[in-house]
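Dropping input-v4.txt in here (compact mmCIF, C-alpha atoms):
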# COMPACT_ATOMS: atom_id res chain seq x y z
CA SER D 459 89.00 72.94 134.10
CA VAL D 460 88.32 75.49 131.37
CA GLY D 461 92.00 75.46 130.39
CA MET D 462 92.02 71.67 130.06
CA LYS D 463 88.81 71.79 128.03
CA GLY D 464 90.35 74.41 125.73
CA ALA D 465 93.50 72.31 125.29
CA ARG D 466 91.46 69.18 124.47
CA THR D 467 89.44 71.09 121.90
CA LEU D 468 92.65 72.34 120.28
CA GLN D 469 94.06 68.82 120.12
CA GLN D 470 90.93 67.46 118.41
CA LEU D 471 90.99 70.35 115.98
CA SER D 472 94.61 69.90 115.08
CA LEU D 473 94.02 66.22 114.28
CA THR D 474 91.15 67.10 111.96
CA VAL D 475 93.18 69.76 110.21
CA LYS D 476 96.24 67.52 109.94
CA ARG D 477 94.15 64.90 108.10
CA SER D 478 92.68 67.49 105.74
CA LEU D 479 96.13 68.89 105.01
CA HIS D 480 97.42 65.53 104.03
CA HIS D 481 94.98 65.64 101.09
CA HIS D 482 95.32 69.32 100.13
CA PRO D 483 98.96 70.24 99.56
CA PRO D 484 99.59 73.58 97.81
CA PRO D 485 101.11 73.80 94.33
CA PRO D 486 104.95 73.92 94.33
CA PRO D 487 105.51 77.66 93.84
CA LEU D 488 103.61 78.18 97.09
CA GLN D 489 105.32 75.49 99.12
CA HIS D 490 106.90 77.16 102.09
CA SER D 491 109.30 76.31 104.81
CA VAL D 492 107.45 77.49 107.91
CA GLY D 493 108.84 78.08 111.39
CA ILE D 494 106.33 78.28 114.23
CA ILE D 495 106.79 79.97 117.59
CA GLY D 496 104.23 79.68 120.36
CA ALA D 497 104.01 82.75 122.57
CA PRO D 498 101.51 82.01 125.36
CA PHE D 499 101.64 85.50 126.85
CA SER D 500 98.78 87.71 128.02
CA LYS D 501 100.25 90.42 130.23
CA GLY D 502 99.62 93.09 127.60
CA GLN D 503 95.98 93.04 128.74
CA VAL D 504 94.02 92.52 131.94
CA ARG D 505 92.07 89.37 131.09
CA ALA D 506 93.93 86.09 131.30
CA CYS D 507 94.50 85.04 127.73
CA VAL D 508 95.36 82.29 125.40
CA THR D 509 97.91 79.60 125.77
CA ARG D 510 99.05 78.24 122.44
CA GLU D 511 96.55 78.05 119.64
CA PRO D 512 96.30 75.34 116.99
CA ASN D 513 98.69 72.43 117.26
CA VAL D 514 101.76 73.22 115.17
CA ASP D 515 101.18 70.41 112.66
CA SER D 516 97.81 71.83 111.75
CA VAL D 517 99.46 74.61 109.76
CA CYS D 518 101.70 72.52 107.58
CA LEU D 519 99.73 72.20 104.31
CA GLY D 520 102.46 70.34 102.45
CA CYS D 521 105.06 72.79 103.78
CA ALA D 522 108.20 71.85 105.63
CA VAL D 523 107.42 72.84 109.22
CA LYS D 524 109.92 73.49 111.97
CA ASP D 525 108.45 73.81 115.44
CA TYR D 526 110.45 76.24 117.55
CA GLY D 527 108.29 75.36 120.55
CA ASN D 528 106.60 77.59 123.08
CA LEU D 529 108.61 80.44 124.52
CA THR D 530 108.57 80.72 128.29
CA PHE D 531 108.12 84.13 129.87
CA GLU D 532 108.85 85.09 133.43
CA ASN D 533 106.63 87.37 135.45
CA VAL D 534 108.58 90.32 136.82
CA ALA D 535 107.88 90.64 140.54
CA LEU D 536 106.57 94.04 141.69
CA ASP D 537 105.80 95.16 138.14
CA GLU D 538 104.14 98.43 139.18
CA PRO D 539 102.47 100.62 136.52
CA VAL D 540 104.77 103.08 134.75
CA LYS D 541 103.28 106.27 133.32
CA GLY D 542 99.88 104.54 133.62
CA SER D 543 100.91 101.45 131.65
CA LYS D 544 100.52 98.05 133.31
CA SER D 545 103.00 95.13 133.45
CA VAL D 546 105.57 97.16 131.50
CA ARG D 547 108.63 95.21 132.70
CA THR D 548 107.01 91.83 132.04
CA VAL D 549 105.81 92.88 128.57
CA GLY D 550 109.20 94.41 127.75
CA SER D 551 111.21 91.31 128.64
CA ALA D 552 108.71 88.96 126.92
CA ASN D 553 108.96 90.95 123.70
CA GLN D 554 112.74 90.99 123.86
CA ARG D 555 112.72 87.20 124.08
CA LEU D 556 110.21 86.94 121.21
CA SER D 557 112.22 89.36 119.05
CA GLU D 558 115.35 87.21 119.43
CA ALA D 559 113.36 84.04 118.61
CA VAL D 560 111.77 85.53 115.47
CA LYS D 561 115.13 86.91 114.33
CA ALA D 562 116.73 83.45 114.68
CA LEU D 563 113.81 81.77 112.87
CA LYS D 564 114.01 84.24 109.95
CA ARG D 565 117.78 83.83 109.72
CA ASP D 566 117.16 80.08 109.39
CA GLY D 567 115.21 80.95 106.23
CA HIS D 568 111.64 80.15 107.28
CA THR D 569 108.40 82.05 106.95
CA ALA D 570 107.60 82.96 110.57
CA VAL D 571 104.34 82.12 112.31
CA MET D 572 103.86 83.54 115.79
CA LEU D 573 100.89 82.10 117.67
CA GLY D 574 99.93 84.50 120.48
CA GLY D 575 99.02 85.53 123.06
CA ASP D 576 97.84 89.13 123.04
CA HIS D 577 98.66 91.79 120.47
CA SER D 578 101.39 93.43 122.57
CA LEU D 579 103.53 90.56 121.16
CA ALA D 580 103.58 92.28 117.76
CA ILE D 581 106.28 94.54 119.24
CA GLY D 582 108.76 91.68 119.49
CA SER D 583 107.53 89.84 116.42
CA ILE D 584 107.86 92.80 114.03
CA HIS D 585 111.10 93.99 115.69
CA GLY D 586 112.70 90.54 115.30
CA HIS D 587 111.48 90.27 111.70
CA THR D 588 113.05 93.59 110.71
CA ALA D 589 116.25 92.77 112.62
CA ALA D 590 116.65 89.71 110.37
CA VAL D 591 115.48 90.95 106.96
CA GLY D 592 115.54 94.77 107.06
CA PRO D 593 112.51 97.00 106.42
CA VAL D 594 109.10 95.32 106.09
CA SER D 595 105.54 96.26 105.19
CA VAL D 596 102.94 95.57 107.88
CA VAL D 597 99.34 94.58 107.13
CA TRP D 598 97.50 94.92 110.46
CA VAL D 599 94.10 93.17 110.37
CA ASP D 600 92.20 94.14 113.49
CA ALA D 601 89.04 95.76 114.85
CA HIS D 602 91.38 98.08 116.79
CA ALA D 603 94.26 100.32 115.71
CA ASP D 604 96.43 99.50 118.78
CA ILE D 605 98.28 102.79 118.24
CA HIS D 606 97.79 104.46 121.63
CA THR D 607 100.95 105.82 123.18
CA PRO D 608 101.53 105.00 126.87
CA LEU D 609 100.36 108.57 127.59
CA THR D 610 97.13 108.53 125.55
CA SER D 611 95.91 105.11 126.73
CA ASN D 612 92.88 105.15 129.05
CA THR D 613 93.34 101.53 130.15
CA GLY D 614 97.12 101.20 130.46
CA ASN D 615 96.93 97.85 128.62
CA ILE D 616 99.93 97.54 126.30
CA HIS D 617 98.02 95.37 123.82
CA GLY D 618 96.36 98.65 122.77
CA GLN D 619 99.76 100.32 122.23
CA PRO D 620 102.15 98.14 120.18
CA MET D 621 102.09 100.23 117.02
CA SER D 622 103.28 103.36 118.85
CA TYR D 623 106.40 101.49 120.02
CA LEU D 624 107.17 100.30 116.48
CA LEU D 625 106.74 103.52 114.46
CA TYR D 626 109.69 105.87 113.89
CA GLU D 627 107.26 108.79 113.71
CA LEU D 628 106.03 108.25 117.29
CA GLN D 629 109.43 107.71 118.92
CA SER D 630 109.34 111.14 120.58
CA LYS D 631 105.89 110.42 122.07
CA VAL D 632 106.83 107.17 123.84
CA PRO D 633 108.67 107.70 127.15
CA PRO D 634 111.64 105.49 128.07
CA LEU D 635 110.22 102.42 129.84
CA PRO D 636 111.88 99.74 131.98
CA ASN D 637 112.87 96.57 130.05
CA PHE D 638 112.31 98.34 126.73
CA SER D 639 115.81 99.79 126.25
CA TRP D 640 116.54 96.99 123.71
CA MET D 641 113.66 98.23 121.57
CA LYS D 642 114.18 100.76 118.79
CA PRO D 643 111.38 101.72 116.37
CA CYS D 644 111.68 99.80 113.11
CA LEU D 645 108.62 100.70 111.00
CA SER D 646 107.69 103.72 108.92
CA SER D 647 104.03 104.77 108.90
CA ARG D 648 104.22 104.69 105.09
CA ASP D 649 104.74 100.92 105.30
CA LEU D 650 101.61 100.22 107.37
CA VAL D 651 98.07 99.34 106.23
CA TYR D 652 95.15 98.67 108.57
CA ILE D 653 92.19 96.50 107.54
CA GLY D 654 88.96 95.91 109.49
CA LEU D 655 88.99 98.86 111.93
CA ARG D 656 85.74 99.65 113.73
CA ASP D 657 86.63 100.45 117.36
CA VAL D 658 89.15 103.30 117.27
CA ASP D 659 89.59 105.77 120.14
CA PRO D 660 89.70 109.54 119.43
CA GLU D 661 93.40 109.77 120.35
CA GLU D 662 94.21 106.94 117.96
CA HIS D 663 92.16 108.55 115.21
CA TYR D 664 94.13 111.77 115.72
CA ILE D 665 97.48 109.91 115.51
CA MET D 666 96.43 108.07 112.34
CA LYS D 667 95.37 111.30 110.63
CA LEU D 668 98.53 113.06 111.83
CA LEU D 669 100.73 110.36 110.27
CA ALA D 670 98.47 109.86 107.22
CA VAL D 671 98.30 106.11 107.89
CA LYS D 672 96.58 104.05 105.19
CA ALA D 673 93.52 102.44 106.78
CA PHE D 674 90.59 100.45 105.42
CA SER D 675 87.99 100.57 108.17
CA MET D 676 84.87 98.42 107.92
CA THR D 677 83.27 101.39 106.14
CA GLN D 678 85.81 101.05 103.31
CA VAL D 679 85.43 97.25 103.30
CA ASP D 680 81.66 97.74 102.88
CA GLN D 681 82.10 100.45 100.26
CA LEU D 682 84.82 98.88 98.11
CA GLY D 683 84.53 95.17 98.83
CA VAL D 684 87.41 93.09 100.15
CA ALA D 685 88.89 92.35 96.69
CA LYS D 686 89.39 96.05 95.95
CA VAL D 687 90.71 96.63 99.49
CA MET D 688 93.40 93.99 98.96
CA GLU D 689 94.26 95.27 95.49
CA GLU D 690 94.67 98.81 96.84
CA THR D 691 96.63 97.54 99.87
CA CYS D 692 99.20 95.80 97.70
CA ASP D 693 99.37 98.68 95.19
CA TYR D 694 100.05 101.06 98.08
CA LEU D 695 102.75 98.97 99.76
CA SER D 696 106.21 98.80 98.22
CA LYS D 697 107.61 95.37 97.41
CA LYS D 698 109.14 94.81 100.85
CA PRO D 699 108.61 91.53 102.72
CA ILE D 700 105.11 91.52 104.26
CA HIS D 701 104.43 91.02 107.96
CA LEU D 702 100.77 90.11 108.47
CA SER D 703 99.61 90.79 112.03
CA TYR D 704 96.16 89.21 112.34
CA ASP D 705 94.03 89.81 115.42
CA ILE D 706 91.21 87.26 115.44
CA ASP D 707 88.81 90.01 116.64
CA ALA D 708 88.99 91.50 113.13
CA ILE D 709 86.49 88.75 112.25
CA ASP D 710 82.91 89.28 113.39
CA PRO D 711 82.28 87.87 116.88
CA SER D 712 79.42 85.76 115.50
CA VAL D 713 82.24 83.68 113.94
CA THR D 714 85.12 84.18 116.41
CA PRO D 715 83.56 84.92 119.82
CA ALA D 716 86.41 83.50 121.95
CA THR D 717 88.51 86.67 122.13
CA GLY D 718 89.13 89.34 124.76
CA THR D 719 87.77 92.52 123.11
CA PRO D 720 85.09 91.53 120.56
CA ALA D 721 83.60 94.31 118.41
CA VAL D 722 80.36 93.83 116.50
CA GLY D 723 80.24 94.39 112.72
CA GLY D 724 83.47 92.70 111.68
CA LEU D 725 84.83 90.86 108.68
CA THR D 726 82.93 87.80 107.53
CA TYR D 727 84.69 84.44 107.51
CA ARG D 728 84.94 84.72 103.72
CA GLU D 729 86.45 88.22 103.79
CA GLY D 730 88.93 87.12 106.44
CA ILE D 731 90.06 84.14 104.37
CA TYR D 732 90.27 86.21 101.16
CA ILE D 733 92.79 88.54 102.83
CA THR D 734 95.11 85.61 103.57
CA GLU D 735 94.69 84.02 100.12
CA TYR D 736 95.50 87.33 98.45
CA LEU D 737 98.61 87.97 100.53
CA CYS D 738 99.80 84.40 99.92
CA GLN D 739 99.58 84.96 96.16
CA THR D 740 101.88 88.02 96.34
CA GLY D 741 104.82 85.75 97.19
CA LEU D 742 105.95 88.44 99.68
CA LEU D 743 104.46 87.03 102.88
CA SER D 744 107.40 86.67 105.27
CA ALA D 745 105.82 86.51 108.74
CA VAL D 746 102.36 86.04 110.28
CA ASP D 747 101.11 86.78 113.80
CA MET D 748 97.84 85.12 114.85
CA VAL D 749 96.81 86.67 118.15
CA GLU D 750 94.03 87.18 120.70
CA VAL D 751 92.47 83.72 120.29
CA ASN D 752 91.36 83.03 123.84
CA PRO D 753 89.56 79.74 124.62
CA LEU D 754 88.80 81.04 128.12
CA ARG D 755 86.56 83.75 126.65
CA GLY D 756 84.32 81.29 124.79
CA ARG D 757 81.01 80.76 126.57
CA THR D 758 80.52 77.34 124.99
CA GLU D 759 82.63 74.64 123.37
CA ASP D 760 81.15 75.71 120.03
CA ASP D 761 82.41 79.27 120.61
CA VAL D 762 85.92 77.97 121.18
CA HIS D 763 85.77 75.53 118.26
CA SER D 764 84.53 78.18 115.82
CA THR D 765 87.20 80.66 116.89
CA VAL D 766 90.12 78.25 116.81
CA SER D 767 89.11 76.54 113.56
CA THR D 768 88.78 79.97 111.90
CA ALA D 769 92.28 80.88 113.12
CA VAL D 770 93.59 77.62 111.62
CA ASP D 771 91.81 78.28 108.31
CA LEU D 772 93.28 81.80 108.15
CA LEU D 773 96.77 80.35 108.61
CA LEU D 774 96.12 77.72 105.94
CA GLY D 775 95.08 80.51 103.57
CA CYS D 776 98.43 82.18 104.25
CA PHE D 777 100.29 79.05 103.18
CA GLY D 778 98.56 78.12 99.98
CA ARG D 779 95.29 76.36 100.70
CA ARG D 780 92.83 77.48 98.03
CA ARG D 781 89.09 77.19 98.38
CA GLU D 782 88.94 76.04 94.76
CA GLY D 783 91.03 73.00 95.84
CA ASN D 784 94.68 71.97 95.51
CA HIS D 785 96.47 69.01 93.96
CA LEU D 786 100.07 67.88 93.63
CA PRO D 787 101.68 68.78 90.29
CA ASP D 788 102.78 65.22 89.60
CA TYR D 789 99.34 63.70 90.22
CA SER D 790 97.91 61.58 87.42
CA LEU D 791 94.75 59.54 87.24
CA PRO D 792 95.22 55.83 88.03
CA GLU D 793 95.16 53.61 84.95
CA PRO D 794 92.49 50.86 84.89
Spit out the file's structure as structure tokens when you get a sec.
Amino acid sequence: SVGMKGARTLQQLSLTVKRSLHHHPPPPPLQHSVGIIGAPFSKGQVRACVTREPNVDSVCLGCAVKDYGNLTFENVALDEPVKGSKSVRTVGSANQRLSEAVKALKRDGHTAVMLGGDHSLAIGSIHGHTAAVGPVSVVWVDAHADIHTPLTSNTGNIHGQPMSYLLYELQSKVPPLPNFSWMKPCLSSRDLVYIGLRDVDPEEHYIMKLLAVKAFSMTQVDQLGVAKVMEETCDYLSKKPIHLSYDIDAIDPSVTPATGTPAVGGLTYREGIYITEYLCQTGLLSAVDMVEVNPLRGRTEDDVHSTVSTAVDLLLGCFGRRREGNHLPDYSLPEP
């Protein structure tokens, strides 16, 4: 089956990455203790989505890794649309579970990695992060702004809405929804930066201008270059812990085709990696979401391999792998 094929590909990949990691540990200031949560959930969108992405060990780059396992989510029976939004009860309860898991992981002192699933999971991931550590800055790397309210969305898919649930400034625009009573907004629009936007709906554009959200669309990436974009991003954000929410469709679909809503004209592989390297160097990276990797959407095995291996490389960039190379601080050349 396609699912089995996807799982086999992921296993092979994780073995390759595990071997490479063994030889490329990061320098000590960047050694992290990483906690990983798998969130195989796709009810925030219509298309069946990803199970778990790279094998947990593939991210460990000389870090101490604790695997918190895959969360299990129940489907709510008779989950009829509410105010046009689909699967609201299922998405609400899944995010509550994820929020609790991320909160526990952060309280254990780890850097959080949440492997999605669709981008509706950012609701629980960011909520749980803030519940544990207080206010955070969010760097949202994505082709899409995902800032529709339930009432502006044309599709009713909640993976296009998570930001409206999280922002204080939009609280009055989001109606009370079943299984979301646990959720209170936890992010100020001043603490949000978008990178990679190129498929933004008019309603979303209006909201972003209304709230004066800092956004580097692909136009700004082209104009300034990714180095300047990252410099300006970190100058703009205060020194709060950083939550990086990375949608694999931010990268151009020529590189990461196995995703649900590809948009042409995206970040190159190199630009995508640079973003993670830069955020790693700040020392502020506190949580990472890697979402919308969907082996079922790859037309070929190569499509799946390219998408998943890019996701792995992005995570490795977050945790200290440098393209210039790494070596252990106590390494010395063998004596003849």
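The point (107.8, 77.3, 118.1) has these residues within 9 Å of it, counting all atoms listed in the file: D:Gly493, D:Ile494, D:Ile495, D:Gly496, D:Ala497, D:Val514, D:Lys524, D:Asp525, D:Tyr526, D:Gly527, D:Asn528, D:Leu529, D:Ala559, D:Val571, D:Met572, D:Leu573.
Interatomic distance, CA of Trp598 in chain D to CA of Ala522 in chain D: 25.9 Å.
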Contacts of Ala716 in chain D within 9 Å, all atoms listed in the file, excl. fewer than 4 positions in-chain, as a list in words: Ile706, Asp707, Pro711, Pro720, Glu750, Val751, Asn752, Pro753, Leu754, Arg755, Gly756, Arg757, Asp761, Val762, His763, Ser764, Thr765 and Val766 of chain D
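The shell of residues at most 6 Å from range 735-744 of chain D, with all atoms listed in the file counted and near chain neighbours (fewer than 2 positions) removed, consists of Thr569, Pro699, Ile700, His701, Tyr732, Ile733, Gly775 and Cys776 of chain D.
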Near-Thr610 in chain D list (12 Å; all atoms listed in the file; drop same-chain fewer than 5 positions) as an NGL selection string: :D and (541-543 or 604-605 or 615-616 or 618-619 or 622 or 631-633 or 659-665)
Mind completing range 729-740 of chain D with all heavy atoms? Output as a short mmCIF file (atom, residue, chain, number, x, y, z; two decimals), in the frame of the given file, please?
data_model
loop_
_atom_site.label_atom_id
_atom_site.label_comp_id
_atom_site.auth_asym_id
_atom_site.auth_seq_id
_atom_site.Cartn_x
_atom_site.Cartn_y
_atom_site.Cartn_z
N GLU D 729 85.56 87.07 103.97
CA GLU D 729 86.45 88.22 103.79
C GLU D 729 87.79 87.99 104.48
O GLU D 729 88.86 88.30 103.94
CB GLU D 729 85.79 89.49 104.33
CG GLU D 729 84.63 89.97 103.49
CD GLU D 729 83.77 91.03 104.19
OE1 GLU D 729 83.75 91.08 105.44
OE2 GLU D 729 83.11 91.81 103.48
N GLY D 730 87.71 87.40 105.69
CA GLY D 730 88.93 87.12 106.44
C GLY D 730 89.85 86.18 105.71
O GLY D 730 91.08 86.38 105.65
N ILE D 731 89.27 85.12 105.12
CA ILE D 731 90.06 84.14 104.37
C ILE D 731 90.62 84.77 103.09
O ILE D 731 91.77 84.53 102.71
CB ILE D 731 89.20 82.90 104.01
CG1 ILE D 731 88.76 82.16 105.28
CG2 ILE D 731 89.95 81.97 103.06
CD1 ILE D 731 89.84 81.43 106.03
N TYR D 732 89.82 85.58 102.42
CA TYR D 732 90.27 86.21 101.16
C TYR D 732 91.54 87.02 101.38
O TYR D 732 92.46 87.01 100.56
CB TYR D 732 89.16 87.09 100.57
CG TYR D 732 89.52 87.65 99.21
CD1 TYR D 732 89.22 86.93 98.05
CD2 TYR D 732 90.18 88.87 99.08
CE1 TYR D 732 89.57 87.43 96.80
CE2 TYR D 732 90.54 89.37 97.84
CZ TYR D 732 90.23 88.65 96.70
OH TYR D 732 90.59 89.13 95.46
N ILE D 733 91.60 87.74 102.50
CA ILE D 733 92.79 88.54 102.83
C ILE D 733 94.04 87.66 102.84
O ILE D 733 95.08 88.00 102.26
CB ILE D 733 92.61 89.25 104.19
CG1 ILE D 733 91.53 90.34 104.07
CG2 ILE D 733 93.92 89.83 104.71
CD1 ILE D 733 91.06 90.90 105.41
N THR D 734 93.93 86.48 103.48
CA THR D 734 95.11 85.61 103.57
C THR D 734 95.44 84.99 102.22
O THR D 734 96.63 84.90 101.85
CB THR D 734 94.89 84.48 104.62
OG1 THR D 734 93.83 83.61 104.21
CG2 THR D 734 94.57 85.06 105.99
N GLU D 735 94.43 84.59 101.46
CA GLU D 735 94.69 84.02 100.12
C GLU D 735 95.40 85.04 99.23
O GLU D 735 96.34 84.70 98.51
CB GLU D 735 93.37 83.61 99.46
CG GLU D 735 92.71 82.39 100.06
CD GLU D 735 91.35 82.08 99.42
OE1 GLU D 735 90.72 82.99 98.85
OE2 GLU D 735 90.92 80.92 99.52
N TYR D 736 94.93 86.28 99.30
CA TYR D 736 95.50 87.33 98.45
C TYR D 736 96.96 87.59 98.80
O TYR D 736 97.82 87.68 97.93
CB TYR D 736 94.67 88.61 98.59
CG TYR D 736 94.94 89.62 97.49
CD1 TYR D 736 94.11 89.72 96.39
CD2 TYR D 736 96.04 90.49 97.56
CE1 TYR D 736 94.35 90.65 95.37
CE2 TYR D 736 96.30 91.41 96.56
CZ TYR D 736 95.45 91.48 95.46
OH TYR D 736 95.70 92.39 94.46
N LEU D 737 97.23 87.70 100.11
CA LEU D 737 98.61 87.97 100.53
C LEU D 737 99.53 86.79 100.21
O LEU D 737 100.69 86.98 99.85
CB LEU D 737 98.66 88.31 102.02
CG LEU D 737 98.01 89.65 102.38
CD1 LEU D 737 97.98 89.85 103.89
CD2 LEU D 737 98.75 90.82 101.71
N CYS D 738 99.02 85.57 100.30
CA CYS D 738 99.80 84.40 99.92
C CYS D 738 100.24 84.50 98.46
O CYS D 738 101.40 84.24 98.12
CB CYS D 738 98.98 83.13 100.14
SG CYS D 738 99.81 81.62 99.58
N GLN D 739 99.31 84.91 97.60
CA GLN D 739 99.58 84.96 96.16
C GLN D 739 100.63 86.02 95.78
O GLN D 739 101.21 85.96 94.70
CB GLN D 739 98.28 85.25 95.38
CG GLN D 739 97.28 84.12 95.43
CD GLN D 739 97.80 82.84 94.80
OE1 GLN D 739 98.34 82.84 93.69
NE2 GLN D 739 97.68 81.73 95.51
N THR D 740 100.87 86.99 96.65
CA THR D 740 101.88 88.02 96.34
C THR D 740 103.29 87.43 96.33
O THR D 740 104.20 88.00 95.74
CB THR D 740 101.88 89.16 97.38
OG1 THR D 740 102.30 88.64 98.66
CG2 THR D 740 100.52 89.82 97.50
#
